[in-house]
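K.L.:
Contents of work29.tsv (TSV, C-alpha atoms and all ligand atoms) are given next:
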chain	number	residue	atom	x	y	z
A	172	MET	CA	195.02	177.81	199.78
A	173	ASN	CA	197.54	180.42	198.71
A	174	ARG	CA	196.26	181.87	195.44
A	175	ARG	CA	199.59	183.45	194.61
A	176	MET	CA	200.99	179.97	194.11
A	177	PHE	CA	198.96	179.53	190.95
A	178	LEU	CA	201.02	180.67	188.01
A	179	GLY	CA	200.58	180.39	184.28
A	180	TYR	CA	198.07	181.79	181.91
A	181	GLY	CA	194.99	180.16	180.50
A	182	ALA	CA	192.76	181.41	177.76
A	183	ALA	CA	189.12	182.09	178.31
A	184	ALA	CA	187.06	179.94	175.97
A	185	ALA	CA	190.02	177.58	175.96
A	186	ALA	CA	189.86	173.90	175.14
A	187	ILE	CA	188.86	171.47	177.82
A	188	ALA	CA	191.75	170.45	180.05
A	189	PRO	CA	192.81	166.91	179.29
A	190	THR	CA	192.90	165.74	182.89
A	191	ILE	CA	190.82	166.17	185.97
A	192	ALA	CA	192.62	168.29	188.51
A	193	THR	CA	193.73	166.85	191.79
A	194	ALA	CA	195.10	168.55	194.87
A	195	GLN	CA	198.57	168.27	193.29
A	196	THR	CA	197.56	169.90	190.01
A	197	PRO	CA	197.92	173.69	189.94
A	198	ALA	CA	194.79	175.60	189.07
A	199	ARG	CA	194.30	176.62	185.46
A	200	VAL	CA	194.10	180.40	185.26
A	201	ILE	CA	191.36	181.98	183.18
A	202	ASP	CA	191.71	185.68	182.53
A	203	LEU	CA	188.78	188.01	182.09
A	204	THR	CA	188.92	191.77	181.66
A	205	ILE	CA	186.13	194.24	182.37
A	206	GLU	CA	186.11	197.04	179.81
A	207	PRO	CA	183.82	200.02	179.27
A	208	THR	CA	182.57	199.58	175.70
A	209	ASP	CA	180.34	201.30	173.15
A	210	VAL	CA	177.97	198.78	171.60
A	211	GLU	CA	176.00	199.28	168.37
A	212	LEU	CA	172.45	197.94	168.53
A	213	ILE	CA	170.27	196.56	165.72
A	214	ASP	CA	168.85	199.98	164.76
A	215	GLY	CA	172.22	201.73	164.74
A	216	ARG	CA	171.92	203.24	168.19
A	217	ILE	CA	175.10	203.20	170.27
A	218	VAL	CA	174.85	202.40	173.98
A	219	PHE	CA	177.45	202.23	176.70
A	220	GLN	CA	178.04	198.83	178.32
A	221	TRP	CA	180.55	197.11	180.54
A	222	ILE	CA	181.70	193.87	178.95
A	223	PHE	CA	183.78	190.91	180.12
A	224	TYR	CA	186.44	190.18	177.50
A	225	GLY	CA	188.45	187.00	177.19
A	226	ASP	CA	191.62	186.00	175.44
A	227	GLN	CA	193.66	188.94	174.07
A	228	GLN	CA	190.76	191.16	175.18
A	229	THR	CA	189.11	190.64	171.80
A	230	VAL	CA	186.34	188.16	172.55
A	231	PRO	CA	183.34	189.71	174.32
A	232	ARG	CA	181.47	187.57	176.86
A	233	PRO	CA	183.70	184.55	176.23
A	234	VAL	CA	182.24	181.13	176.92
A	235	VAL	CA	184.43	179.80	179.71
A	236	ARG	CA	184.80	176.00	179.55
A	237	ALA	CA	186.14	173.65	182.17
A	238	ARG	CA	186.02	170.00	183.12
A	239	GLU	CA	183.96	169.07	186.17
A	240	GLY	CA	186.22	168.97	189.24
A	241	GLU	CA	189.05	170.87	187.52
A	242	LEU	CA	190.72	173.45	189.74
A	243	LEU	CA	190.33	176.91	188.21
A	244	THR	CA	191.49	180.38	189.09
A	245	ILE	CA	189.35	183.08	187.53
A	246	ARG	CA	191.43	186.25	187.39
A	247	VAL	CA	189.49	189.42	186.60
A	248	ARG	CA	191.14	192.69	185.67
A	249	ASN	CA	188.93	195.74	186.10
A	250	ASN	CA	189.70	198.41	183.51
A	251	ALA	CA	186.63	200.45	184.44
A	252	PRO	CA	186.74	203.53	186.68
A	253	GLU	CA	184.48	202.03	189.36
A	254	ALA	CA	184.52	198.84	191.45
A	255	HIS	CA	183.26	195.60	189.97
A	256	ALA	CA	182.88	192.02	191.15
A	257	PHE	CA	182.54	188.46	189.86
A	258	ALA	CA	180.31	185.53	190.76
A	259	LEU	CA	179.19	182.21	189.36
A	260	PRO	CA	175.82	181.69	191.10
A	261	GLY	CA	175.30	178.18	192.43
A	262	VAL	CA	179.06	177.43	192.59
A	263	PRO	CA	180.67	177.59	196.05
A	264	GLY	CA	183.83	179.72	196.22
A	265	ALA	CA	183.43	181.18	192.73
A	266	GLU	CA	183.16	184.74	193.92
A	267	ILE	CA	185.32	187.87	193.90
A	268	PRO	CA	183.59	190.38	196.21
A	269	ALA	CA	185.12	193.62	194.90
A	270	ILE	CA	187.77	194.61	192.39
A	271	PRO	CA	188.86	198.26	192.62
A	272	PRO	CA	189.31	200.38	189.47
A	273	GLY	CA	192.50	199.24	187.74
A	274	GLY	CA	192.76	196.28	190.09
A	275	VAL	CA	192.82	192.51	189.69
A	276	GLY	CA	190.77	189.99	191.68
A	277	MET	CA	191.00	186.21	191.79
A	278	ALA	CA	188.88	183.29	192.90
A	279	THR	CA	189.98	179.65	192.94
A	280	PHE	CA	187.39	176.88	192.94
A	281	ALA	CA	186.61	173.46	191.55
A	282	ALA	CA	184.55	173.44	188.36
A	283	PRO	CA	180.99	172.41	189.24
A	284	ALA	CA	178.90	169.45	188.10
A	285	GLY	CA	178.49	169.16	184.34
A	286	GLY	CA	176.06	171.71	182.97
A	287	THR	CA	175.51	175.36	182.08
A	288	TYR	CA	176.27	178.27	184.39
A	289	LEU	CA	176.15	182.06	184.22
A	290	TYR	CA	178.99	184.29	185.36
A	291	LEU	CA	178.20	187.87	186.20
A	292	ASP	CA	179.03	190.98	188.19
A	293	PRO	CA	176.69	190.75	191.23
A	294	LEU	CA	177.23	194.36	192.42
A	295	HIS	CA	174.09	196.44	192.96
A	296	ALA	CA	172.16	193.46	191.58
A	297	PRO	CA	170.74	193.41	189.05
A	298	ALA	CA	172.36	196.68	187.85
A	299	HIS	CA	175.87	195.63	186.86
A	300	ARG	CA	174.82	192.48	185.04
A	301	LEU	CA	172.11	194.44	183.17
A	302	VAL	CA	174.70	196.95	181.95
A	303	GLY	CA	176.41	194.02	180.25
A	304	LEU	CA	178.57	192.11	182.74
A	305	HIS	CA	177.64	188.49	182.20
A	306	GLY	CA	178.64	185.42	180.22
A	307	VAL	CA	178.21	181.65	180.05
A	308	PHE	CA	180.33	179.08	181.88
A	309	VAL	CA	180.11	175.48	180.65
A	310	SER	CA	181.26	172.58	182.79
A	311	GLU	CA	181.94	169.39	180.86
A	312	PRO	CA	180.97	166.40	182.97
A	313	ALA	CA	183.29	163.70	184.18
A	314	GLY	CA	181.99	160.15	183.80
A	315	ASN	CA	178.92	161.35	181.98
A	316	ALA	CA	177.63	158.18	180.32
A	317	THR	CA	174.16	156.87	181.05
A	318	PRO	CA	173.80	153.32	182.38
A	319	GLY	CA	173.10	152.49	178.71
A	320	GLY	CA	176.44	154.04	177.66
A	321	ALA	CA	175.21	157.29	176.04
A	322	ALA	CA	177.09	160.56	176.56
A	323	THR	CA	175.20	163.37	178.29
A	324	PRO	CA	176.09	166.93	179.30
A	325	PHE	CA	175.48	166.17	182.99
A	326	ALA	CA	177.36	164.53	185.83
A	327	ARG	CA	176.54	160.84	185.94
A	328	THR	CA	175.88	161.07	189.68
A	329	ARG	CA	173.18	163.66	189.04
A	330	LEU	CA	171.50	162.03	186.06
A	331	THR	CA	167.87	161.11	186.57
A	332	PRO	CA	166.37	158.02	184.91
A	333	ALA	CA	164.19	160.31	182.78
A	334	VAL	CA	167.12	162.37	181.41
A	335	ALA	CA	169.24	159.24	180.90
A	336	ALA	CA	166.33	157.75	178.92
A	337	VAL	CA	166.34	160.75	176.55
A	338	PHE	CA	169.99	160.22	175.64
A	339	ASP	CA	169.54	156.45	175.46
A	340	ALA	CA	166.69	157.11	172.98
A	341	CYS	CA	169.08	158.82	170.51
A	342	GLY	CA	170.97	156.30	168.41
A	343	PRO	CA	171.25	153.95	165.47
A	344	ASP	CA	168.82	151.34	166.80
A	345	ALA	CA	165.93	151.24	164.31
A	346	ALA	CA	163.49	151.33	167.21
A	347	ALA	CA	165.11	154.38	168.85
A	348	ARG	CA	162.67	157.20	169.54
A	349	PHE	CA	165.21	159.61	168.00
A	350	HIS	CA	166.69	157.33	165.39
A	351	GLY	CA	170.07	158.51	164.15
A	352	ASP	CA	173.33	159.44	165.88
A	353	PRO	CA	173.79	159.50	169.62
A	354	TRP	CA	174.20	162.99	171.07
A	355	ARG	CA	177.86	163.94	170.98
A	356	PRO	CA	179.56	166.32	173.43
A	357	GLY	CA	180.11	169.63	171.69
A	358	ARG	CA	177.01	169.30	169.51
A	359	GLU	CA	175.40	172.32	171.12
A	360	LYS	CA	174.45	175.96	170.79
A	361	ILE	CA	174.42	178.54	173.53
A	362	TRP	CA	171.54	180.96	173.60
A	363	LEU	CA	172.35	183.76	176.04
A	364	PHE	CA	169.39	186.10	176.37
A	365	THR	CA	169.40	189.56	177.87
A	366	GLN	CA	167.83	192.98	177.66
A	367	ILE	CA	169.19	196.50	177.37
A	368	ASP	CA	167.76	199.67	178.89
A	369	PRO	CA	169.66	202.61	177.33
A	370	ALA	CA	168.70	204.88	180.25
A	371	LEU	CA	170.40	202.52	182.71
A	372	CYS	CA	173.44	202.26	180.41
A	373	ALA	CA	173.65	206.08	180.32
A	374	GLN	CA	173.54	206.22	184.12
A	375	ALA	CA	176.43	203.77	184.24
A	376	GLU	CA	178.41	205.77	181.70
A	377	LEU	CA	177.90	208.97	183.69
A	378	ARG	CA	179.00	207.07	186.81
A	379	GLN	CA	175.78	207.91	188.61
A	380	PRO	CA	175.18	205.71	191.66
A	381	LEU	CA	173.25	202.55	190.77
A	382	ASP	CA	170.83	201.30	193.38
A	383	GLY	CA	169.74	197.70	192.80
A	384	ALA	CA	166.29	198.06	194.33
A	385	ARG	CA	165.59	201.16	192.26
A	386	VAL	CA	166.89	199.54	189.08
A	387	ARG	CA	164.54	196.62	189.70
A	388	GLN	CA	161.61	199.04	189.78
A	389	THR	CA	162.60	201.28	186.89
A	390	PHE	CA	164.27	198.88	184.42
A	391	ALA	CA	162.62	199.47	181.05
A	392	PRO	CA	164.19	197.19	178.43
A	393	ARG	CA	164.04	198.51	174.86
A	394	TYR	CA	166.46	196.09	173.18
A	395	PHE	CA	166.48	192.30	173.48
A	396	THR	CA	169.45	190.20	172.47
A	397	ILE	CA	170.45	186.59	171.96
A	398	ASN	CA	174.22	186.13	172.13
A	399	GLY	CA	174.52	189.92	171.94
A	400	LEU	CA	172.57	190.17	168.67
A	401	SER	CA	169.00	190.99	167.66
A	402	GLY	CA	166.65	190.43	164.74
A	403	PHE	CA	168.28	189.80	161.37
A	404	ASP	CA	171.77	189.79	162.89
A	405	ALA	CA	170.85	186.94	165.25
A	406	SER	CA	168.85	184.98	162.69
A	407	GLU	CA	171.88	184.58	160.42
A	408	ASP	CA	174.53	184.25	163.13
A	409	ALA	CA	176.42	180.96	162.67
A	410	ALA	CA	177.24	180.72	166.37
A	411	THR	CA	173.55	181.01	167.25
A	412	LYS	CA	171.71	179.08	164.52
A	413	PRO	CA	171.52	175.28	164.98
A	414	LYS	CA	172.02	173.27	161.79
A	415	GLY	CA	171.97	169.56	161.16
A	416	TYR	CA	170.40	166.56	159.50
A	417	VAL	CA	167.59	164.43	160.83
A	418	GLY	CA	169.13	162.18	163.46
A	419	GLN	CA	171.69	164.68	164.78
A	420	PRO	CA	170.40	165.76	168.21
A	421	LEU	CA	171.72	169.09	169.49
A	422	LEU	CA	171.91	170.53	173.01
A	423	LEU	CA	170.57	174.04	173.56
A	424	ARG	CA	172.11	175.76	176.57
A	425	THR	CA	169.67	178.60	177.27
A	426	VAL	CA	170.42	181.29	179.84
A	427	ASN	CA	168.66	184.51	180.80
A	428	ALA	CA	171.14	187.09	182.14
A	429	GLY	CA	168.55	189.88	182.19
A	430	MET	CA	165.59	190.75	184.38
A	431	ALA	CA	162.66	190.32	181.99
A	432	THR	CA	161.10	186.87	181.59
A	433	HIS	CA	161.47	185.19	178.23
A	434	ALA	CA	159.53	182.35	176.63
A	435	PRO	CA	161.55	181.02	173.72
A	436	HIS	CA	159.29	179.23	171.24
A	437	ILE	CA	160.52	176.97	168.49
A	438	HIS	CA	158.96	175.71	165.28
A	439	GLY	CA	159.57	172.39	163.54
A	440	ASN	CA	160.51	170.17	166.50
A	441	HIS	CA	159.63	170.08	170.14
A	442	VAL	CA	162.55	170.36	172.55
A	443	LEU	CA	163.07	168.21	175.63
A	444	GLU	CA	163.60	170.20	178.82
A	445	LEU	CA	166.46	168.49	180.66
A	446	SER	CA	167.59	170.86	183.40
A	447	GLY	CA	166.91	174.06	185.28
A	448	VAL	CA	167.90	175.87	188.48
A	449	ASP	CA	166.35	176.26	191.91
A	450	ALA	CA	165.83	179.57	193.72
A	451	ASN	CA	169.47	179.52	194.89
A	452	GLY	CA	170.88	179.02	191.41
A	453	ARG	CA	171.66	175.34	191.99
A	454	GLN	CA	171.31	172.98	189.05
A	455	ILE	CA	168.23	170.78	188.83
A	456	ILE	CA	168.16	167.76	186.51
A	457	GLN	CA	164.54	167.08	185.59
A	458	ASP	CA	163.04	163.84	186.83
A	459	ASN	CA	160.16	164.22	184.41
A	460	VAL	CA	161.22	165.37	180.96
A	461	ILE	CA	158.57	167.38	179.14
A	462	GLU	CA	158.48	167.98	175.39
A	463	ARG	CA	157.93	171.66	174.83
A	464	ASP	CA	157.44	174.05	171.96
A	465	THR	CA	157.87	176.97	174.40
A	466	TRP	CA	159.86	177.12	177.60
A	467	LEU	CA	160.02	179.69	180.37
A	468	LEU	CA	163.26	181.55	181.12
A	469	ARG	CA	162.90	183.76	184.15
A	470	ALA	CA	165.66	186.12	185.26
A	471	LEU	CA	168.85	184.09	185.89
A	472	ASP	CA	167.29	180.86	184.65
A	473	ARG	CA	169.56	178.33	182.97
A	474	LYS	CA	167.87	175.53	181.08
A	475	ASP	CA	169.46	172.86	178.93
A	476	LEU	CA	167.22	171.34	176.28
A	477	LEU	CA	167.65	168.78	173.55
A	478	LEU	CA	166.61	169.72	170.01
A	479	PRO	CA	166.18	166.21	168.62
A	480	PHE	CA	166.40	166.95	164.87
A	481	GLU	CA	163.59	164.53	164.14
A	482	PRO	CA	161.23	164.76	161.16
A	483	PRO	CA	158.69	167.45	162.07
A	484	GLN	CA	155.80	165.70	163.78
A	485	ASP	CA	153.19	167.69	161.84
A	486	ILE	CA	154.29	166.13	158.54
A	487	PRO	CA	152.55	162.78	157.87
A	488	ALA	CA	155.00	159.91	157.45
A	489	ALA	CA	153.71	159.28	153.92
A	490	ALA	CA	154.67	162.83	152.95
A	491	TRP	CA	158.21	162.59	154.40
A	492	PRO	CA	160.66	163.53	153.07
A	493	PRO	CA	158.93	166.39	151.28
A	494	ARG	CA	159.11	166.25	147.48
A	495	GLU	CA	158.23	169.83	146.62
A	496	GLU	CA	159.81	171.84	149.43
A	497	PRO	CA	163.59	171.81	149.03
A	498	PHE	CA	166.01	171.32	151.92
A	499	PRO	CA	167.22	172.99	154.02
A	500	LEU	CA	163.97	173.43	155.89
A	501	ARG	CA	164.21	176.56	158.00
A	502	TYR	CA	162.30	176.98	161.22
A	503	ALA	CA	161.93	180.03	163.45
A	504	MET	CA	162.69	180.51	167.10
A	505	HIS	CA	161.12	183.60	168.56
A	506	CYS	CA	160.25	184.64	172.10
A	507	HIS	CA	156.57	184.57	173.01
A	508	ILE	CA	156.93	187.53	175.37
A	509	GLU	CA	155.90	189.98	172.70
A	510	MET	CA	157.88	193.03	173.78
A	511	SER	CA	161.07	191.07	173.17
A	512	GLN	CA	160.40	191.01	169.42
A	513	THR	CA	160.87	194.74	169.14
A	514	ALA	CA	163.78	197.15	169.21
A	515	GLY	CA	163.79	200.74	170.40
A	516	GLY	CA	160.21	200.39	171.58
A	517	GLY	CA	158.49	199.22	168.38
A	518	ASN	CA	160.79	198.12	165.59
A	519	TYR	CA	159.49	194.59	164.81
A	520	PRO	CA	160.94	191.93	164.43
A	521	GLN	CA	164.33	193.17	165.64
A	522	GLY	CA	164.40	191.44	169.00
A	523	ILE	CA	165.00	187.88	170.20
A	524	THR	CA	164.61	185.68	167.16
A	525	THR	CA	166.74	183.21	165.24
A	526	HIS	CA	166.38	180.15	163.01
A	527	TRP	CA	167.37	176.54	162.97
A	528	GLU	CA	167.91	174.48	159.84
A	529	LEU	CA	167.15	170.90	158.91
A	530	LEU	CA	169.72	170.25	156.20
A	531	GLY	CA	168.30	166.96	154.93
A	532	PRO	CA	166.30	163.85	155.81
A	533	THR	CA	169.36	161.62	156.33
A	534	ARG	CA	172.81	162.21	157.74
A	535	PRO	CA	175.74	162.39	155.30
A	536	THR	CA	177.20	159.18	156.80
A	537	GLN	CA	174.10	157.33	155.64
A	538	GLN	CA	174.30	158.89	152.19
A	539	GLY	CA	177.72	157.30	151.73
B	1	CU	CU	155.94	181.03	166.13
Mind turning the file's structure into structure tokens?
Ligand SMILES: [Cu+2]
P.N.:
Amino acid sequence: MNRRMFLGYGAAAAAIAPTIATAQTPARVIDLTIEPTDVELIDGRIVFQWIFYGDQQTVPRPVVRAREGELLTIRVRNNAPEAHAFALPGVPGAEIPAIPPGGVGMATFAAPAGGTYLYLDPLHAPAHRLVGLHGVFVSEPAGNATPGGAATPFARTRLTPAVAAVFDACGPDAAARFHGDPWRPGREKIWLFTQIDPALCAQAELRQPLDGARVRQTFAPRYFTINGLSGFDASEDAATKPKGYVGQPLLLRTVNAGMATHAPHIHGNHVLELSGVDANGRQIIQDNVIERDTWLLRALDRKDLLLPFEPPQDIPAAAWPPREEPFPLRYAMHCHIEMSQTAGGGNYPQGITTHWELLGPTRPTQQG
């Protein structure tokens, strides 16, 4: 396929294409730019990072969205003074091996099965992605309904009976396990976790050679971020904090771009673990869905979970809805790997933490 045939500009984080691409449809072009950037951390410290920017070069780490099967050309401009690369692990053909300083690289591929993916710079792995070059890619599924007719974030051909049953259990039926609305596409939050080692960032800024094996041994994270933020900044970030009424299930797309393991832990509701990845980065849809209050996110893990927005199970039915505690009820999410709660080696709780909010016991549609 001649890549130079594909003309036209797309926006990163753009709306979903209205049609599924065919061989006759030109690829939609998504532009990303790699820029050296100074980033201010939660305690005021400035570190050097490389960042992928999207549309107009203003949006850092843009969420790239596509429709399953859609033909895409990712076009990456490298504005840094050293070579970079691009990859979407688990997606065949989604790779640009090397982009020279000032150069542009392209890869054309079909958007993968519905689900959550991580794009990154694979050079000197894990060095370049740990200095900041990573972001989330979301594929919206084609033909995603369960046999019972419920929408899901996964390809219908990959759905397992267990995951289909979760989405079939969300709905207006009085007997539904998660009584309320069905899950709706777009009702989601992305939680992109990573870690920052200022010493590694300084090496990158000074253009010292980065050796992946050595970085793996010496990486000493001192800052921990969710969607690029830490502590108070993350806990009040609208793009990070799930909000809704009882009966409004929400998808959590959780991704670990770093090297340290995380164990996100959530109060108020259990989450249902729907998907993960195998050792080669290929998507796994769970065939046994487990309710969790804590889930494991190893390096490069991608897990989709459903936050059901049900009445908290610890509250007896006779005491629900609460009469003395006013809504919204706020619940914490914090990582159970304790170092990730700190910043700069000890500043607690300025690491990976956020909140979610239960706005009320019934949805506004029911309140008339
Ligand atoms: Cu806790």
K.L.:
Which residue is closest to ligand CU 1 (chain B)? Choose from A:Pro233, A:Gly225, A:Pro435, A:Gly261 and count all atoms listed in the file.
P.N.:
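Nearest to ligand CU 1 (chain B): A:Pro435.
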K.L.:
For stretch 244-257 of chain A, please output as number ranges by chain all residues within 10 Å (counting all atoms listed in the file; exclusion window: fewer than 4 positions along the same chain).
P.N.:
A: 174, 177-178, 180-181, 183, 197-208, 221-225, 235, 265-282, 290-295, 299-300, 304-305, 375-376, 378
K.L.:
As a quick test: using only C-alpha atoms and all ligand atoms, which residues lie no more than 8 Å away from ligand CU 1 (chain B)? Give them as a list in words.
P.N.:
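Using only C-alpha atoms and all ligand atoms, everything at most 8 Å from ligand CU 1 (chain B) comes to His436, Ile437, His438, Ala503, Met504, His505 and His507 of chain A.
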K.L.:
Rounded to one decimal, what separation in Å do you get between atom CA of A:Ala428 and atom CA of A:Ile461?
P.N.:
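Interatomic distance, atom CA of A:Ala428 to atom CA of A:Ile461: 23.6 Å.
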K.L.:
Counting all atoms listed in the file, write as a PyMOL selection string all protein and nucleic acid residues lying at most 8 Å from (173.8, 164.0, 166.1) in the file's frame.
P.N.:
chain A and resi 351-355+358+415-416+418-421
K.L.:
Taking only C-alpha atoms into account, which of A:Gln512, A:Gln379, A:Thr287, A:Thr525 comes nearest A:Asp472?
P.N.:
A:Thr287
K.L.:
If I take atom CA of A:Asn398 and atom CA of A:Glu239, how far is one from the other in Å, to one decimal?
P.N.:
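Between atom CA of A:Asn398 and atom CA of A:Glu239 the gap works out to 24.1 Å.
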K.L.:
If you measure from atom CA of A:His350 to atom CA of A:Glu481, what distance in Å do you get, rounded to one decimal?
P.N.:
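Separating atom CA of A:His350 from atom CA of A:Glu481 is a distance of 7.9 Å.
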K.L.:
When distances are computed from only C-alpha atoms, which of A:Pro380, A:Gly215, A:Gly240, A:Pro499 shows the smallest separation from A:Ala514?
P.N.:
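The shortest atom-to-atom distance to A:Ala514 comes from A:Gly215.
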K.L.:
From the list A:Ile456, A:Ala384, A:Leu212, A:Ala296, which residue is nearest A:Gln521 when using all atoms listed in the file?
P.N.:
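The answer is A:Leu212, which sits nearest to A:Gln521.
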K.L.:
Point out the residue among A:Ala321, A:Leu371, A:Leu500, A:Val234 with the least atom-to-atom distance to A:Arg385, counting only C-alpha atoms.
P.N.:
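Smallest separation from A:Arg385 among the options: A:Leu371.
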K.L.:
When you look at A:Thr317 with a cut-off of 8 Å (counting all atoms listed in the file), what residues show up, excluding the ones that are within fewer than 2 positions of it in the same chain? I need them as a list in words.
P.N.:
Asn315, Gly319, Gly320, Ala321, Ala322, Thr323, Arg327, Leu330, Ala335, Phe338 and Asp339 of chain A
K.L.:
Keeping only C-alpha atoms, take the residues you just selected and write them out as a PDB file, in the coordinates of the input.
P.N.:
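See selection_4.pdb below for the written result:
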ATOM      1  CA  ASN A 315     178.920 161.350 181.980  1.00  0.00           C
ATOM      2  CA  GLY A 319     173.100 152.490 178.710  1.00  0.00           C
ATOM      3  CA  GLY A 320     176.440 154.040 177.660  1.00  0.00           C
ATOM      4  CA  ALA A 321     175.210 157.290 176.040  1.00  0.00           C
ATOM      5  CA  ALA A 322     177.090 160.560 176.560  1.00  0.00           C
ATOM      6  CA  THR A 323     175.200 163.370 178.290  1.00  0.00           C
ATOM      7  CA  ARG A 327     176.540 160.840 185.940  1.00  0.00           C
ATOM      8  CA  LEU A 330     171.500 162.030 186.060  1.00  0.00           C
ATOM      9  CA  ALA A 335     169.240 159.240 180.900  1.00  0.00           C
ATOM     10  CA  PHE A 338     169.990 160.220 175.640  1.00  0.00           C
ATOM     11  CA  ASP A 339     169.540 156.450 175.460  1.00  0.00           C
TER      12      ASP A 339
END
K.L.:
Which residues, written as a PyMOL selection string, have at least one atom at most 8 Å from A:His526, with all atoms listed in the file counted and residues fewer than 4 positions away on the same chain left out?
P.N.:
chain A and resi 406-407+412-413+501-504
K.L.:
Check the smallest atom-to-atom distance from each of A:Ile397, A:Leu423, A:Val262, A:Ala391 to A:Val448 using only C-alpha atoms, then report the winner.
P.N.:
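Going through A:Ile397, A:Leu423, A:Val262, A:Ala391 one by one, the smallest distance to A:Val448 is for A:Val262.
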K.L.:
Env of A:Pro532: 8 Å cut, atoms = all atoms listed in the file, seq-sep filter 5 positions within chain, self excluded. Answer as a ChimeraX atom specification.
P.N.:
/A:416-417,482,492
K.L.:
Go through stretch 499-532 of chain A and flag each residue having an atom no more than 10 Å from stretch 473-480 of chain A; for those, report the closest pair of atoms plus their distance in Å to one decimal, using all atoms listed in the file, ordered by chain and rising number, as JSON lines.
P.N.:
{"residue": "A:Trp527", "atom": "CA", "partner": "A:Phe480", "partner_atom": "CA", "distance": 9.8}
{"residue": "A:Glu528", "atom": "CA", "partner": "A:Phe480", "partner_atom": "CA", "distance": 9.2}
{"residue": "A:Leu529", "atom": "CA", "partner": "A:Phe480", "partner_atom": "CA", "distance": 7.2}
{"residue": "A:Leu530", "atom": "CA", "partner": "A:Phe480", "partner_atom": "CA", "distance": 9.9}
{"residue": "A:Pro532", "atom": "CA", "partner": "A:Phe480", "partner_atom": "CA", "distance": 9.6}
